[in-house]
Amino acid sequence: MVYAPNSLRVVFKASDRSTMIDSMTASHLELITNQRSAKSDHSLYGVLNYTKTAGGGRLLRSNILQPPNNQDTITLRLDCVEELTEKEEVFLNIQGLLSRFLDVDHLISMFVQIPKSESVKTAEMRIAAVIYLKHTLELVEPLRSALEQCANPLFRAYHKTLEDKRFTLLLERIQEVIHDSTHYQKGSLNMRTQKCFAIKPRINGLLDVARRTYTEIVDDIAGLITQLAEKYNLPLRTGYNATRSFFIQMPALPGLLSAASARSSTASVRTATATAMATSTGTATGAATARSTPSNRSETGGLPAEFIKVVRSKATISFTTNDLIKLNDRVRESLHEIYLMTNVALNELLTFVREHISCLYNLSECVSMADMLVSFSHACTLSDYVRPEFTNTLALKQARHPILDKISNEPPVPNNTYAADGCHFHIVTGPNMSGKSTYLKQIMLCQIMAQIGCFVPAQYASFRLCKQLFSRMGCRDDVETNASTFMLEMREAHYILQEASEGCLVIIDELGRGTSSEEGMGICHAICEELIAKKTFTFFATHFLELTQLEGLYPSAINYHMDVQHVTGPSGDDKIHYTHQLRQGKMQEKQYGIKIAEMSTLPTAITSSARQLHEKMQQYQVRSHNSRERSTKRAVHTLATCLLQAARNSRLNPESLQTYLQQLKVRYMKEVELQDAEE
């Protein structure tokens, strides 16, 4: 590609002040595309995408894949979203204006790229670019006036950006050459007309002559179709598309076709005569006429033979004639002359625009960012979202999965989450289909929403800024690299252990299931200890109940489980009812895999045999025997963590803080007394 001088600056910048998300994590979390269907909008991007411009959609996508981790930037965005949700009139005004903007980035590229060779196509593109630019510049002042009503510093900065005199200078220069009535319009025919008459009259005499010629040809087309309608007494009208140019349309009514067939009987007699002449003379031309006439009459379904290239649809029939094809050729030639002469007249204007192109980059940033923030505000007004806070604690009250919250017929079950420096490693157990994976994804998605400056689906939300987000989920293999499921698990685990640090958030689901249970459990135990040492906020979902013993070894490890209830079925059998509620402690449910298999379509004989074999092979049951000394250390560690959190982040008044400290003391004394009683 060739770019105009001084129209583009390329600067390499590292990913500074932003959160890194690897491609596998983006895929697991369905950030941009749904894993089941690429066309589905059931993704985080689909949930938040209420943008009105192409630039706003691209900015939203890039922010989801690489959220900022600078608190000032995030707070500024949250303030903007809050202001837009409170000022409905301002929100609607800005949203309506943004919906009228075209793709400013594409518009800039049309100006800065210089074609390698001049042609009719490049000339037409330049004319369209000038019309698009005129349309865009006319929206700058209304958008500036709308942003003037906002008090947020970011909107005020964009308001000042739009005061750039170059916008007015460009618009005035365009209006000297382009007709005032020329505007961007939808529809290929409307836009073609705008491009033909874009240049003001009396600037180029030859161009004025070419445009008069074009107008006369279009009038001839309209007159031809009117004559055909009167001749055959049919409701004909003019149609147009970019492929066929001008053509003829009429309603697809059976009565009209029958009438047309009757009225064309005279033409059929002439056709029969031509066929007889071909038979008697034996000429090749006559034979060709005899062969083609019945086929043509069958194709048009009773329409006059003059109508050719018939295309049927449910509501209309479209066709053309030889005369109309010739007129379309003349229209095309006339258009080419107009485009080439218009391009010559625009050369000086294009040079002037390129000299002031930098203001359009500022406009693109302003429109895209405002569009994304308005989209966040729109999403927040449709759902019960809350503004997040940023501390050194991850605390979510009654949080919901953002994608399920939008697509589910019933509201998803909310859950609480709490992670801090003293309790940063969570082991989540529970039966299959109890909601462990959904819970892990919910935490990560809410974290991303908060860091891009959007409200989150919860009653209260506090987050810690993360430098990197990691996930290890699902079981699969890779035939292309000859890697088994277990090999891929180890690759992803190695990447996490290599890159994870204290300021990261990690979710791991079902690690070590690709090999034997004993070896898988051992590997998981070692990986968990490494992550605990790194002090990363980690949520580890597993079926290895042996890992729950980490709670007794490390004060920062806490056991949670997805609660289930037992329901007696109609036949008296015991069934599992999923509550999807997170509870503290390790799972007590036994043989849940067999119970779920009984709920499936497996034969009863198979599940009964499996239960008997399981009971025979079960040699021991994992039980935790925490010593008094270890329990006392845990109680002291918990008390110290709560005191540190209160000292760093508490916003309570003195009386409320005193009450809270008294509650901590009472809880600590109860734990110590309970340990003494057990001894």
# chains A, B, ... in the order shown; residues from 1 in each chain; ligands from 1
>>> select_by_dssp(residues="stretch 462-668 of chain A", states="helix (DSSP H, G or I)", output="number ranges by chain")
A: 485-499, 517-534, 545-553, 592-599, 604-617, 628-649, 654-668
>>> residues_around(residues="A:Tyr660", least_positions_apart="4", cutoff="12 Å", atoms="only C-alpha atoms", output="list in words")
Leu639, Cys642, Leu643, Gln645, Ala646, Ala647, Ser650, Arg651, Leu652, Asn653, Pro654, Glu655, Ser656, Leu664, Lys665, Val666 and Arg667 of chain A
>>> residues_around(residues="A:His378", least_positions_apart="6", cutoff="10 Å", atoms="only C-alpha atoms", output="list in words")
Leu48, Asn49, Tyr50, Thr51, Val81, Leu84, Thr85, Phe91, Leu92, Gln95 and Met372 of chain A
>>> write_last_selection(atoms="C-alpha atoms", output="compact mmCIF listing (two decimals), in the first residue's frame")
# COMPACT_ATOMS: atom_id res chain seq x y z
CA LEU A 48 -22.03 -5.57 25.97
CA ASN A 49 -22.14 -4.66 22.29
CA TYR A 50 -24.76 -1.94 21.90
CA THR A 51 -22.37 0.22 19.88
CA VAL A 81 -21.05 5.46 32.58
CA LEU A 84 -24.88 8.67 31.33
CA THR A 85 -27.14 6.37 33.36
CA PHE A 91 -27.60 9.55 26.92
CA LEU A 92 -30.31 9.45 24.25
CA GLN A 95 -26.59 7.76 21.22
CA MET A 372 -18.27 2.28 23.83
>>> select_by_dssp(residues="stretch 280-397 of chain A", states="strand (DSSP E)", output="ChimeraX atom specification")
/A:308-312,316-320,389-390,394-397
>>> residues_around(residues="A:Ala597", least_positions_apart="6", cutoff="12 Å", atoms="only C-alpha atoms", output="VMD selection string")
chain A and resid 431 to 433 575 to 576 591 603 to 611
>>> closest_residue(among="A:Asn6, A:Leu65, A:Leu206, A:Glu141", to="A:Ile32", atoms="only C-alpha atoms")
A:Leu65
>>> atom_distance(atom1="atom CA of A:Val386", atom2="atom CA of A:Arg472")
28.3 Å
>>> atom_distance(atom1="atom CA of A:Leu340", atom2="atom CA of A:Ala123")
6.0 Å
>>> atom_distance(atom1="atom CA of A:Ser188", atom2="atom CA of A:Asn241")
6.8 Å
>>> residues_around(residues="stretch 548-562 of chain A", least_positions_apart="6", cutoff="7 Å", atoms="only C-alpha atoms", output="number ranges by chain")
A: 422-430, 434-436, 580-587, 624, 626, 634, 637
>>> closest_residue(among="A:Ala458, A:Leu373, A:Ile448, A:Leu8", to="A:Asp405", atoms="only C-alpha atoms")
A:Ala458
>>> residues_around(residues="A:Ala151", least_positions_apart="3", cutoff="10 Å", atoms="only C-alpha atoms", output="PyMOL selection string")
chain A and resi 79-80+83+147-148+154-156
>>> residues_around(residues="stretch 392-404 of chain A", least_positions_apart="2", cutoff="6 Å", atoms="only C-alpha atoms", output="list in words")
Lys406, Ile407, Ser408, Pro414, Asn415, Asn416, Thr417, Tyr418, Ala419, Ala420, Gln442, Pro457, Ala458, Gln459, Tyr460, Ala461, Ser462, Phe463 and Arg464 of chain A
>>> closest_residue(among="A:Thr601, A:Ser375, A:Thr542, A:Ser358", to="A:Arg9", atoms="only C-alpha atoms")
A:Ser358
>>> decode(residues="stretch 95-109 of chain A", atoms="N, CA and C atoms", output="tab-separated table (two decimals), in the first residue's frame")
chain	number	residue	atom	x	y	z
A	95	GLN	N	-26.39	9.02	21.94
A	95	GLN	CA	-26.59	7.76	21.22
A	95	GLN	C	-27.20	7.99	19.85
A	96	GLY	N	-28.17	8.91	19.75
A	96	GLY	CA	-28.77	9.21	18.46
A	96	GLY	C	-27.79	9.81	17.47
A	97	LEU	N	-26.90	10.68	17.96
A	97	LEU	CA	-25.90	11.27	17.08
A	97	LEU	C	-24.87	10.25	16.63
A	98	LEU	N	-24.45	9.38	17.54
A	98	LEU	CA	-23.45	8.37	17.18
A	98	LEU	C	-23.98	7.41	16.13
A	99	SER	N	-25.27	7.13	16.16
A	99	SER	CA	-25.85	6.20	15.18
A	99	SER	C	-25.78	6.76	13.76
A	100	ARG	N	-25.59	8.06	13.60
A	100	ARG	CA	-25.52	8.68	12.27
A	100	ARG	C	-24.10	8.72	11.73
A	101	PHE	N	-23.10	8.43	12.58
A	101	PHE	CA	-21.72	8.47	12.13
A	101	PHE	C	-21.40	7.24	11.29
A	102	LEU	N	-20.57	7.45	10.27
A	102	LEU	CA	-20.04	6.35	9.47
A	102	LEU	C	-18.76	5.85	10.12
A	103	ASP	N	-18.10	4.91	9.50
A	103	ASP	CA	-16.84	4.37	10.01
A	103	ASP	C	-15.73	5.39	9.74
A	104	VAL	N	-15.35	6.14	10.78
A	104	VAL	CA	-14.36	7.21	10.59
A	104	VAL	C	-13.00	6.62	10.25
A	105	ASP	N	-12.65	5.48	10.84
A	105	ASP	CA	-11.35	4.86	10.52
A	105	ASP	C	-11.27	4.48	9.05
A	106	HIS	N	-12.34	3.89	8.52
A	106	HIS	CA	-12.36	3.54	7.10
A	106	HIS	C	-12.30	4.79	6.24
A	107	LEU	N	-12.96	5.84	6.69
A	107	LEU	CA	-12.94	7.10	5.95
A	107	LEU	C	-11.52	7.65	5.87
A	108	ILE	N	-10.79	7.58	6.98
A	108	ILE	CA	-9.41	8.07	6.98
A	108	ILE	C	-8.55	7.27	6.01
A	109	SER	N	-8.73	5.95	6.03
A	109	SER	CA	-7.93	5.10	5.13
A	109	SER	C	-8.21	5.41	3.67
